[in-house]
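Undergrad: Structure file final34.tsv (TSV, C-alpha atoms and all ligand atoms) right here:
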chain	number	residue	atom	x	y	z
A	1	MET	CA	126.94	64.26	33.48
A	2	VAL	CA	129.16	62.48	36.04
A	3	TYR	CA	132.53	64.20	36.02
A	4	MET	CA	135.60	62.12	36.84
A	5	SER	CA	137.95	65.04	36.17
A	6	LEU	CA	138.10	68.55	37.52
A	7	PHE	CA	137.60	71.31	34.93
A	8	ALA	CA	138.85	74.86	35.24
A	9	ARG	CA	137.91	77.72	32.92
A	10	TYR	CA	140.49	80.50	32.42
A	11	PHE	CA	140.44	83.88	30.67
A	12	VAL	CA	143.81	84.15	28.92
A	13	GLU	CA	145.78	86.85	27.12
A	14	SER	CA	149.13	85.95	25.52
A	15	ASP	CA	151.01	86.03	22.21
A	16	MET	CA	150.44	82.29	21.93
A	17	SER	CA	147.22	80.83	20.57
A	18	LEU	CA	144.55	80.12	23.17
A	19	PHE	CA	145.15	76.40	22.73
A	20	GLU	CA	148.92	76.75	23.26
A	21	ALA	CA	148.40	78.95	26.32
A	22	GLY	CA	145.95	76.38	27.65
A	23	GLU	CA	148.48	73.62	27.08
A	24	ASN	CA	151.10	75.64	28.98
A	25	ILE	CA	148.73	75.96	31.92
A	26	ALA	CA	147.76	72.28	31.74
A	27	LEU	CA	151.36	71.10	31.67
A	28	GLU	CA	152.63	73.47	34.38
A	29	GLU	CA	149.79	72.44	36.71
A	30	SER	CA	150.09	68.68	36.06
A	31	VAL	CA	153.25	66.90	34.89
A	32	GLY	CA	155.26	69.41	32.86
A	33	THR	CA	157.92	72.04	33.34
A	34	TRP	CA	159.73	74.44	30.96
A	35	THR	CA	161.64	71.70	29.20
A	36	GLU	CA	161.42	67.97	28.46
A	37	VAL	CA	162.76	65.78	31.28
A	38	HIS	CA	164.09	62.21	30.88
A	39	THR	CA	162.54	61.03	34.14
A	40	SER	CA	158.87	60.84	33.16
A	41	THR	CA	157.07	57.54	32.48
A	42	ASP	CA	154.28	56.37	30.17
A	43	TRP	CA	151.96	55.98	33.17
A	44	ILE	CA	152.54	59.56	34.31
A	45	GLU	CA	151.99	60.95	30.81
A	46	LYS	CA	148.83	58.89	30.37
A	47	GLU	CA	147.18	59.13	33.79
A	48	LEU	CA	148.25	62.50	35.24
A	49	LYS	CA	148.64	64.84	32.30
A	50	ALA	CA	146.10	67.68	32.18
A	51	THR	CA	144.82	68.68	28.75
A	52	VAL	CA	142.94	71.44	26.99
A	53	SER	CA	139.27	70.47	26.92
A	54	SER	CA	137.94	73.40	24.87
A	55	VAL	CA	138.65	76.98	23.80
A	56	ASP	CA	136.28	79.91	23.29
A	57	GLU	CA	137.95	82.43	20.97
A	58	ALA	CA	135.12	84.93	21.37
A	59	LYS	CA	135.65	85.10	25.15
A	60	ASN	CA	139.42	84.49	25.15
A	61	GLU	CA	138.77	81.53	27.42
A	62	VAL	CA	140.16	78.01	27.64
A	63	VAL	CA	138.92	75.05	29.69
A	64	VAL	CA	141.56	72.71	31.14
A	65	GLU	CA	140.68	69.15	32.19
A	66	PHE	CA	142.62	67.87	35.21
A	67	PRO	CA	142.52	64.07	35.78
A	68	ASP	CA	141.11	63.16	39.21
A	69	LEU	CA	144.26	61.18	40.12
A	70	LEU	CA	146.16	64.49	40.27
A	71	PHE	CA	144.21	65.50	43.35
A	72	GLU	CA	143.94	64.67	47.01
A	73	PHE	CA	140.25	65.60	46.97
A	74	ASP	CA	140.09	65.88	50.76
A	75	ASN	CA	142.79	68.59	50.64
A	76	ILE	CA	141.51	72.04	49.63
A	77	PRO	CA	144.98	73.69	49.70
A	78	GLN	CA	146.34	71.08	47.27
A	79	ILE	CA	143.39	71.49	44.90
A	80	LEU	CA	144.04	75.25	44.82
A	81	SER	CA	147.78	74.72	44.33
A	82	ILE	CA	146.84	73.08	41.04
A	83	VAL	CA	143.91	75.08	39.63
A	84	ALA	CA	145.14	78.42	41.03
A	85	GLY	CA	148.87	77.86	41.33
A	86	ASN	CA	152.02	78.66	39.35
A	87	LEU	CA	149.98	79.38	36.22
A	88	PHE	CA	149.42	83.00	37.25
A	89	GLY	CA	153.16	83.65	37.07
A	90	LEU	CA	153.97	82.02	33.71
A	91	SER	CA	155.87	84.75	31.84
A	92	GLU	CA	154.62	83.57	28.41
A	93	ILE	CA	151.10	84.44	29.53
A	94	ASP	CA	150.35	88.15	29.96
A	95	ASN	CA	147.04	87.80	31.83
A	96	VAL	CA	145.12	84.83	33.17
A	97	ARG	CA	142.02	84.70	35.37
A	98	LEU	CA	140.40	81.63	36.90
A	99	GLN	CA	136.72	82.15	35.92
A	100	ASP	CA	135.09	78.96	37.19
A	101	ILE	CA	135.69	75.41	38.39
A	102	THR	CA	133.61	72.26	37.86
A	103	LEU	CA	134.28	69.66	40.57
A	104	PRO	CA	133.93	65.87	40.07
A	105	LYS	CA	131.08	64.12	41.89
A	106	LYS	CA	133.47	61.87	43.85
A	107	LEU	CA	135.03	64.91	45.53
A	108	PHE	CA	131.81	65.79	47.37
A	109	LYS	CA	131.80	62.73	49.62
A	110	SER	CA	134.59	64.37	51.66
A	111	TYR	CA	132.70	67.61	52.41
A	112	GLU	CA	129.73	68.26	54.73
A	113	GLY	CA	129.00	71.71	53.27
A	114	PRO	CA	126.84	74.29	55.10
A	115	LYS	CA	125.07	72.96	58.23
A	116	TYR	CA	122.07	75.25	57.80
A	117	THR	CA	119.86	76.26	54.88
A	118	ILE	CA	118.70	79.78	54.03
A	119	ASP	CA	115.20	78.86	55.21
A	120	GLU	CA	116.53	77.72	58.59
A	121	LEU	CA	118.42	81.00	59.03
A	122	LYS	CA	115.25	82.93	58.19
A	123	GLU	CA	113.17	80.75	60.51
A	124	PHE	CA	115.48	81.49	63.46
A	125	VAL	CA	115.00	85.27	63.18
A	126	GLY	CA	111.35	85.11	62.09
A	127	ALA	CA	111.90	86.45	58.58
A	128	LYS	CA	110.38	83.70	56.47
A	129	ASN	CA	108.79	86.05	53.94
A	130	ARG	CA	111.34	88.81	53.59
A	131	PRO	CA	115.08	89.39	53.03
A	132	LEU	CA	117.25	89.70	56.14
A	133	VAL	CA	118.82	92.92	57.38
A	134	GLY	CA	122.05	93.11	59.30
A	135	THR	CA	124.51	95.60	60.71
A	136	ILE	CA	128.22	95.78	61.29
A	137	VAL	CA	129.08	97.43	64.60
A	138	LYS	CA	130.87	100.71	63.83
A	139	PRO	CA	133.37	102.15	64.36
A	140	LYS	CA	135.14	99.03	63.00
A	141	VAL	CA	137.27	98.77	66.13
A	142	GLY	CA	137.72	100.56	69.44
A	143	LEU	CA	134.49	99.99	71.36
A	144	SER	CA	134.70	98.03	74.64
A	145	PRO	CA	132.68	94.83	75.10
A	146	THR	CA	129.92	96.67	76.97
A	147	GLU	CA	129.84	99.51	74.41
A	148	THR	CA	129.64	96.92	71.62
A	149	ALA	CA	126.77	95.24	73.47
A	150	GLU	CA	124.93	98.56	73.86
A	151	VAL	CA	125.17	99.29	70.11
A	152	SER	CA	124.06	95.73	69.37
A	153	TYR	CA	121.02	96.11	71.64
A	154	GLU	CA	119.96	99.35	69.92
A	155	ALA	CA	120.28	97.72	66.49
A	156	ALA	CA	118.37	94.62	67.61
A	157	VAL	CA	115.42	96.52	69.11
A	158	GLY	CA	115.47	98.65	65.96
A	159	GLY	CA	114.78	95.48	63.99
A	160	VAL	CA	117.98	94.02	62.53
A	161	ASP	CA	118.19	90.23	62.21
A	162	LEU	CA	121.96	90.08	62.53
A	163	ILE	CA	124.79	91.97	64.12
A	164	LYS	CA	128.35	91.20	63.12
A	165	ASP	CA	131.85	92.16	64.09
A	166	ASP	CA	133.81	94.05	61.49
A	167	GLU	CA	136.45	92.11	59.58
A	168	THR	CA	139.33	93.69	61.50
A	169	LEU	CA	137.92	93.14	65.01
A	170	THR	CA	139.10	89.89	66.60
A	171	ASN	CA	140.58	89.71	70.13
A	172	GLN	CA	142.37	93.06	70.58
A	173	GLU	CA	143.15	94.37	74.09
A	174	PHE	CA	140.38	96.96	73.95
A	175	CYS	CA	137.71	94.33	73.23
A	176	PRO	CA	138.54	90.80	74.42
A	177	ILE	CA	136.46	88.31	72.42
A	178	GLU	CA	135.14	86.35	75.42
A	179	ASP	CA	133.84	89.46	77.20
A	180	ARG	CA	132.42	90.73	73.91
A	181	VAL	CA	130.45	87.55	73.22
A	182	ILE	CA	129.07	87.34	76.76
A	183	ASN	CA	128.04	91.00	76.85
A	184	VAL	CA	126.52	91.10	73.37
A	185	MET	CA	124.54	87.90	73.87
A	186	GLU	CA	123.19	89.21	77.20
A	187	MET	CA	121.93	92.35	75.46
A	188	LEU	CA	120.45	90.36	72.57
A	189	ASP	CA	118.56	88.25	75.11
A	190	LYS	CA	117.28	91.52	76.59
A	191	ALA	CA	116.22	92.68	73.13
A	192	ARG	CA	114.43	89.39	72.51
A	193	ASP	CA	112.49	89.79	75.77
A	194	GLU	CA	111.22	93.09	74.36
A	195	THR	CA	110.73	92.23	70.67
A	196	GLY	CA	110.09	88.50	70.77
A	197	SER	CA	112.64	88.02	67.98
A	198	ASN	CA	116.01	86.29	67.88
A	199	THR	CA	119.01	88.17	66.52
A	200	PHE	CA	122.19	86.55	65.21
A	201	TYR	CA	125.53	87.79	66.48
A	202	ALA	CA	128.38	86.81	64.18
A	203	VAL	CA	131.50	87.01	66.30
A	204	ASN	CA	134.71	87.25	64.27
A	205	ILE	CA	136.87	84.27	65.25
A	206	THR	CA	139.52	84.97	62.58
A	207	ALA	CA	142.87	83.82	63.97
A	208	ASP	CA	145.98	81.77	63.23
A	209	SER	CA	145.37	78.16	62.20
A	210	ASN	CA	146.39	76.90	65.65
A	211	GLN	CA	143.71	79.02	67.38
A	212	VAL	CA	140.80	79.53	64.98
A	213	VAL	CA	138.89	76.34	65.78
A	214	GLU	CA	139.40	76.67	69.54
A	215	ARG	CA	138.28	80.31	69.36
A	216	ALA	CA	135.09	79.29	67.52
A	217	VAL	CA	134.30	76.51	70.00
A	218	LYS	CA	134.90	78.86	72.96
A	219	ALA	CA	132.67	81.54	71.43
A	220	VAL	CA	129.81	79.08	71.09
A	221	GLU	CA	130.39	77.84	74.65
A	222	ASN	CA	130.04	81.49	75.72
A	223	GLY	CA	126.69	81.71	73.96
A	224	ALA	CA	127.47	82.87	70.39
A	225	ASN	CA	124.73	81.80	67.96
A	226	MET	CA	126.92	82.41	64.87
A	227	VAL	CA	130.61	82.78	64.11
A	228	MET	CA	132.29	84.84	61.40
A	229	ILE	CA	135.55	84.16	59.59
A	230	ASP	CA	137.64	86.12	57.09
A	231	VAL	CA	138.06	83.26	54.64
A	232	ILE	CA	140.74	84.69	52.34
A	233	THR	CA	143.11	85.68	55.14
A	234	THR	CA	142.55	82.54	57.23
A	235	GLY	CA	142.07	80.08	54.34
A	236	PHE	CA	139.38	77.76	53.04
A	237	SER	CA	140.75	74.96	55.18
A	238	ALA	CA	140.23	77.04	58.34
A	239	LEU	CA	136.64	77.71	57.25
A	240	ARG	CA	136.09	73.99	56.78
A	241	MET	CA	137.60	73.09	60.17
A	242	VAL	CA	135.51	75.74	61.94
A	243	SER	CA	132.30	74.76	60.14
A	244	GLU	CA	132.81	71.11	61.10
A	245	ALA	CA	133.72	71.98	64.72
A	246	VAL	CA	130.70	74.12	65.71
A	247	ASP	CA	126.95	73.69	65.26
A	248	VAL	CA	126.14	77.34	64.52
A	249	PRO	CA	125.95	79.12	61.15
A	250	VAL	CA	129.20	80.54	59.75
A	251	HIS	CA	129.20	84.07	58.30
A	252	VAL	CA	131.99	84.33	55.73
A	253	HIS	CA	133.67	87.69	55.11
A	254	ARG	CA	135.91	87.92	52.03
A	255	THR	CA	138.29	90.76	52.85
A	256	MET	CA	141.41	90.64	50.63
A	257	HIS	CA	139.35	89.09	47.81
A	258	ALA	CA	139.62	92.24	45.68
A	259	ALA	CA	143.38	91.62	45.33
A	260	MET	CA	142.35	88.66	43.15
A	261	THR	CA	138.82	89.36	41.93
A	262	ARG	CA	138.86	93.02	40.92
A	263	ASN	CA	140.97	92.83	37.76
A	264	PRO	CA	138.77	91.38	34.97
A	265	LYS	CA	141.85	90.06	33.15
A	266	HIS	CA	144.05	88.60	35.88
A	267	GLY	CA	143.39	86.78	39.15
A	268	ILE	CA	140.43	84.74	40.38
A	269	SER	CA	136.72	85.37	39.87
A	270	MET	CA	134.45	85.49	42.93
A	271	LEU	CA	132.57	82.54	41.36
A	272	PRO	CA	135.08	79.76	42.18
A	273	ILE	CA	135.60	81.40	45.59
A	274	SER	CA	131.83	81.21	46.21
A	275	LYS	CA	131.74	77.53	45.26
A	276	LEU	CA	134.65	76.72	47.58
A	277	VAL	CA	133.00	78.60	50.46
A	278	ARG	CA	129.84	76.52	49.97
A	279	LEU	CA	131.88	73.32	49.76
A	280	CYS	CA	133.74	74.22	52.99
A	281	GLY	CA	130.59	74.97	54.99
A	282	GLY	CA	129.97	78.73	54.91
A	283	THR	CA	126.27	79.47	55.52
A	284	GLN	CA	126.39	83.08	54.27
A	285	LEU	CA	128.93	84.90	52.12
A	286	HIS	CA	129.61	88.48	51.01
A	287	THR	CA	129.24	88.36	47.23
A	288	GLY	CA	129.06	92.08	46.46
A	289	SER	CA	126.45	94.80	46.22
A	290	TYR	CA	124.46	95.81	43.15
A	291	HIS	CA	124.75	99.38	44.45
A	292	GLY	CA	127.25	100.34	47.14
A	293	LYS	CA	130.78	101.58	47.83
A	294	MET	CA	132.71	98.53	46.65
A	295	HIS	CA	133.63	97.63	43.07
A	296	GLY	CA	131.61	94.73	41.66
A	297	ASP	CA	130.81	93.18	38.28
A	298	ILE	CA	127.03	92.71	37.99
A	299	LYS	CA	127.28	89.52	35.89
A	300	GLU	CA	129.73	88.03	38.40
A	301	ILE	CA	127.46	88.91	41.33
A	302	ASP	CA	124.56	87.24	39.48
A	303	ALA	CA	126.69	84.13	38.91
A	304	CYS	CA	127.73	83.96	42.58
A	305	ARG	CA	124.12	84.45	43.75
A	306	ASP	CA	123.01	81.53	41.57
A	307	ALA	CA	125.97	79.29	42.45
A	308	LEU	CA	125.20	79.71	46.16
A	309	LYS	CA	121.54	78.74	45.89
A	310	ASP	CA	121.29	76.29	42.97
A	311	ASN	CA	121.20	72.54	43.58
A	312	TRP	CA	124.83	71.41	43.84
A	313	HIS	CA	125.49	67.79	44.70
A	314	GLY	CA	123.01	67.95	47.60
A	315	LEU	CA	124.85	70.64	49.59
A	316	ASN	CA	122.74	73.15	51.54
A	317	ASN	CA	122.34	76.53	49.87
A	318	VAL	CA	124.16	79.66	51.07
A	319	LEU	CA	122.77	83.13	51.81
A	320	PRO	CA	124.40	85.87	49.70
A	321	VAL	CA	125.29	89.05	51.61
A	322	ALA	CA	125.04	92.52	50.09
A	323	SER	CA	127.23	94.97	51.98
A	324	GLY	CA	129.49	97.99	51.62
A	325	GLY	CA	128.23	101.56	51.59
A	326	ILE	CA	124.58	100.48	51.69
A	327	HIS	CA	121.93	102.75	53.26
A	328	PRO	CA	118.11	102.69	53.00
A	329	GLU	CA	118.01	104.37	49.59
A	330	LEU	CA	120.20	101.62	48.07
A	331	VAL	CA	118.21	98.69	49.50
A	332	LYS	CA	115.86	98.47	46.51
A	333	ASP	CA	118.66	98.16	43.90
A	334	ASN	CA	120.32	95.42	45.92
A	335	LEU	CA	117.11	93.46	46.50
A	336	ASP	CA	116.08	93.87	42.85
A	337	GLY	CA	119.36	92.06	42.12
A	338	TYR	CA	119.40	89.44	44.85
A	339	GLY	CA	115.69	88.86	45.46
A	340	MET	CA	114.15	87.50	48.67
A	341	ASN	CA	117.04	85.25	49.67
A	342	CYS	CA	119.59	87.84	50.67
A	343	LEU	CA	121.08	89.50	53.75
A	344	VAL	CA	121.42	93.25	53.23
A	345	GLN	CA	123.92	94.83	55.62
A	346	ALA	CA	124.58	98.42	56.60
A	347	GLY	CA	127.23	99.66	58.99
A	348	GLY	CA	127.50	103.39	58.39
A	349	GLY	CA	124.04	103.20	56.84
A	350	ILE	CA	122.59	102.38	60.29
A	351	HIS	CA	124.97	103.89	62.87
A	352	GLY	CA	125.23	107.09	60.80
A	353	HIS	CA	121.46	107.75	60.88
A	354	PRO	CA	120.82	111.28	62.25
A	355	ASP	CA	118.60	109.86	65.01
A	356	GLY	CA	121.00	107.07	66.05
A	357	THR	CA	121.41	103.32	65.68
A	358	LYS	CA	117.88	102.25	66.64
A	359	ALA	CA	116.35	104.69	64.14
A	360	GLY	CA	118.92	103.57	61.55
A	361	ALA	CA	117.91	99.93	61.99
A	362	LYS	CA	114.23	100.90	61.73
A	363	ALA	CA	114.92	102.84	58.51
A	364	MET	CA	116.67	99.82	56.94
A	365	ARG	CA	113.82	97.50	57.94
A	366	GLN	CA	111.33	100.02	56.52
A	367	ALA	CA	113.26	100.08	53.23
A	368	ILE	CA	113.12	96.27	53.14
A	369	ASP	CA	109.41	96.25	54.00
A	370	ALA	CA	108.75	98.80	51.23
A	371	TRP	CA	110.52	96.52	48.73
A	372	THR	CA	108.69	93.42	49.96
A	373	LYS	CA	105.34	95.27	49.63
A	374	GLU	CA	106.45	96.65	46.23
A	375	ILE	CA	105.91	100.22	47.39
A	376	ASN	CA	108.21	103.02	46.20
A	377	PRO	CA	110.53	103.83	49.16
A	378	LYS	CA	109.85	107.57	48.87
A	379	LYS	CA	106.10	106.87	49.07
A	380	TYR	CA	106.62	104.48	51.99
A	381	ALA	CA	108.74	107.12	53.75
A	382	GLU	CA	105.75	109.49	53.87
A	383	THR	CA	104.37	107.30	56.69
A	384	HIS	CA	107.69	106.03	58.13
A	385	LYS	CA	109.71	108.83	59.67
A	386	GLU	CA	112.98	106.96	60.23
A	387	LEU	CA	113.11	106.09	56.52
A	388	GLN	CA	112.14	109.65	55.61
A	389	THR	CA	115.02	111.02	57.66
A	390	ALA	CA	117.50	108.56	56.12
A	391	LEU	CA	116.45	109.34	52.55
A	392	LYS	CA	116.82	113.08	53.25
A	393	HIS	CA	120.18	112.59	54.98
A	394	TRP	CA	121.95	110.52	52.32
B	1	LIG	C1	130.73	97.54	55.33
B	1	LIG	C2	131.95	96.76	55.77
B	1	LIG	C3	132.16	95.47	55.00
B	1	LIG	C4	132.17	95.62	53.51
B	1	LIG	C5	132.91	94.46	52.86
B	1	LIG	C6	133.20	97.61	55.67
B	1	LIG	O1	130.59	98.65	56.17
B	1	LIG	O2	131.83	96.39	57.12
B	1	LIG	O3	133.40	94.94	55.45
B	1	LIG	O4	130.86	95.56	53.09
B	1	LIG	O5	132.77	94.58	51.48
B	1	LIG	O6	134.03	97.41	56.56
B	1	LIG	O7	133.30	98.36	54.70
B	1	LIG	P1	129.64	99.85	55.66
B	1	LIG	P2	132.13	93.35	50.66
B	1	LIG	O8	128.22	99.32	55.59
B	1	LIG	O9	129.78	100.92	56.70
B	1	LIG	O10	130.16	100.28	54.31
B	1	LIG	O11	130.78	93.13	51.28
B	1	LIG	O12	132.09	93.85	49.25
B	1	LIG	O13	133.03	92.18	50.84
B	2	MG	MG	133.77	95.60	57.33
Let me see the structure of the file written as structure tokens.
Ligand code: CAP
Ligand code: MG

TA:
Amino acid sequence: MVYMSLFARYFVESDMSLFEAGENIALEESVGTWTEVHTSTDWIEKELKATVSSVDEAKNEVVVEFPDLLFEFDNIPQILSIVAGNLFGLSEIDNVRLQDITLPKKLFKSYEGPKYTIDELKEFVGAKNRPLVGTIVKPKVGLSPTETAEVSYEAAVGGVDLIKDDETLTNQEFCPIEDRVINVMEMLDKARDETGSNTFYAVNITADSNQVVERAVKAVENGANMVMIDVITTGFSALRMVSEAVDVPVHVHRTMHAAMTRNPKHGISMLPISKLVRLCGGTQLHTGSYHGKMHGDIKEIDACRDALKDNWHGLNNVLPVASGGIHPELVKDNLDGYGMNCLVQAGGGIHGHPDGTKAGAKAMRQAIDAWTKEINPKKYAETHKELQTALKHW
């Protein structure tokens, strides 16, 4: 089906009928306001008016059809100002949640999407036949560039495929980003000389709009082989600009998302957010853990996993990231949910290992290897001491 319009599906609770609530949303987000105005024209009413496309009483959901002329398709902020704008504040509607969006084919000609595929990411680190494992340097903040590099080296020789900055580490005085990139990449080169494997380092280039692209370009000039961005706090447009400006993969953190995604009745599902991240060029995205410390709806995680990897107007697929409170014992539940194409991350679950970071990385890799070989982790731990220690500890 070739869509000319943009469709948005909303969960709605109000005293009005679903259809009426849908009409309110459609009018507010297209050509209407709270009362009739004498200034409209036949053309506006015919060409720009959004309408209710369907209702699903069983799910309390309504689909609104937005004509393509309403949009400046090359302008992500404007698209969001319509499909995720004033509607959330309409007092006649008690709760409303944007569940999904269906974008018209013509929109895609403006977007490059992710520059790398999941297979290319796996190829780079030599993990073609297994899920990836990553770590977040902990503590979140406070280590110097050389201390960060030391921790990164230990994790890399322990077997992680990726090391990332935490979402709150950017360019603070105690860890200038340029020194951090240079030092970490030097130590990852050292690790590669010993292990023969590449390791990604996702440096967090989150910054104000007037700096974020320059910071990404500078990081790559200094040797970074991946950049990371907090997409909700910097914006989808910043993600798009960064992805188009550098030729390395972009790790997308979603901190602040739970302000919108957590309430099942009001806000924005992680599903439309996942689609927009793919559209704007993210190569990997945190989409929740099937077992971890963060709240997550299993069905929504499934939907995000599928939306990131399914064929979608020819855009490259995106690697889902399981993270948050994960340690070796929880690897199996997360991989049973995500399957082979997943990056499982552990911060505390590696750097909190009783025998240190290197042992923690080994234990996570052993948990992944046990899953890949379909061996019960406890059984596998009998011959893998780092995993044994981790399972006993947590
Ligand atoms: C995980 C983490 C990530 C969360 C984000 C943290 O650390 O670095 O930011 O996973 O949550 O700061 O909590 P731990 P999500 O492994 O030590 O928990 O992936 O749900 O967006
Ligand atoms: Mg974090």

Undergrad: Could you check the closest approach to Gly324 (chain A) for each of A:Asp355, A:Asp189, A:Asp166, A:Glu386 and tell me which residue wins, using only C-alpha atoms?

TA: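 Closest residue, counting only C-alpha atoms: A:Asp166.
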
Undergrad: Would you please work out which residue, of A:Ser152, A:Asn204, A:Asn86, A:Asn222, is nearest to Lys190 (chain A) when using all atoms listed in the file?

TA: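 Using all atoms listed in the file, the shortest distance to Lys190 (chain A) belongs to A:Ser152.
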
Undergrad: Quick one: residues within 10 Å of ligand LIG 1 (chain B), with all atoms listed in the file, as a ChimeraX atom specification?

TA: /A:134-140,164-168,230,252-258,285-290,292-296,320-327,344-352

Undergrad: Under the rule that all atoms listed in the file are counted, which of A:Tyr153, A:Trp43, A:Trp312, A:Tyr10 is the nearest residue to Ala361 (chain A)?

TA: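 Nearest to Ala361 (chain A): A:Tyr153.
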
Undergrad: When you look at Leu98 (chain A) with a cut-off of 9 Å (counting all atoms listed in the file), what residues show up, excluding the ones that are within fewer than 5 positions of it in the same chain? I need them as a PyMOL selection string.

TA: chain A and resi 8-11+83-84+266-269+272

Undergrad: Can you tell me how far CA of Arg240 (chain A) sits from CA of Leu319 (chain A), in Å to one decimal?

TA: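 Computing it gives 16.9 Å between the two atoms.
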
Undergrad: Skip Arg130 (chain A) itself and residues of its chain fewer than 6 positions away, then list as a ChimeraX atom specification all residues within 8 Å of it, counting all atoms listed in the file.

TA: /A:340-341,368-369,372

Undergrad: Take the selection from the previous step and output its residues with C-alpha atoms, as a tab-separated table (two decimals), keeping the file's coordinate frame.

TA:
chain	number	residue	atom	x	y	z
A	340	MET	CA	114.15	87.50	48.67
A	341	ASN	CA	117.04	85.25	49.67
A	368	ILE	CA	113.12	96.27	53.14
A	369	ASP	CA	109.41	96.25	54.00
A	372	THR	CA	108.69	93.42	49.96

Undergrad: Which distance in Å separates CA of Gly314 (chain A) and CA of Thr102 (chain A), to one decimal?

TA: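 Computing it gives 15.0 Å between the two atoms.
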
Undergrad: Measuring between only C-alpha atoms, which one of A:Asp15, A:Cys280, A:Val64, A:Phe88 shows the shortest distance to Ser237 (chain A)?

TA: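 Smallest separation from Ser237 (chain A) among the options: A:Cys280.
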
Undergrad: Would you mind listing what lies within 7 Å of Pro67 (chain A) as a PyMOL selection string, with all atoms listed in the file counted and same-chain residues fewer than 6 positions away left out?

TA: chain A and resi 5-6+48+50

Undergrad: Would you list the contacts of Leu188 (chain A) as a count of residues only, taking every protein, DNA or RNA residue within 10 Å and counting all atoms listed in the file, but skipping same-chain residues closer than 5 positions in sequence?

TA: 17

Undergrad: Within 12 Å of Pro176 (chain A), counting only C-alpha atoms, which residues qualify if same-chain residues fewer than 4 places away don't, as a list in words?

TA: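 Close residues of Pro176 (chain A): Val141, Gly142, Leu143, Ser144, Pro145, Thr146, Thr148, Leu169, Thr170, Asn171, Gln172, Arg180, Val181, Ile182, Asn183, Val203, Asn204, Ile205, Arg215 and Ala219 of chain A.
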
Undergrad: Would you compute the distance between CA of Thr389 (chain A) and CA of Lys358 (chain A)? Give it in Å to one decimal.

TA: 12.9 Å

Undergrad: Have a look at A:Lys379, A:Arg278, A:Lys265, A:Lys332 and name the one nearest to Ala367 (chain A); count all atoms listed in the file.

TA: A:Lys332

Undergrad: Counting only C-alpha atoms, figure out which residue out of A:Gly22, A:Gly235, A:Pro114, A:Gly89 gets nearest to Ile76 (chain A).

TA: A:Gly235

Undergrad: Scan for residues within 8 Å of the point (111.4, 84.6, 65.6) in the coordinates of the file, using all atoms listed in the file, and reply as a count of residues only.

TA: 8

Undergrad: List as a VMD selection string the residues having at least one atom at most 8 Å from position (144.3, 76.1, 50.6) as given in the file, counting all atoms listed in the file.

TA: chain A and resid 75 to 81 235 to 237
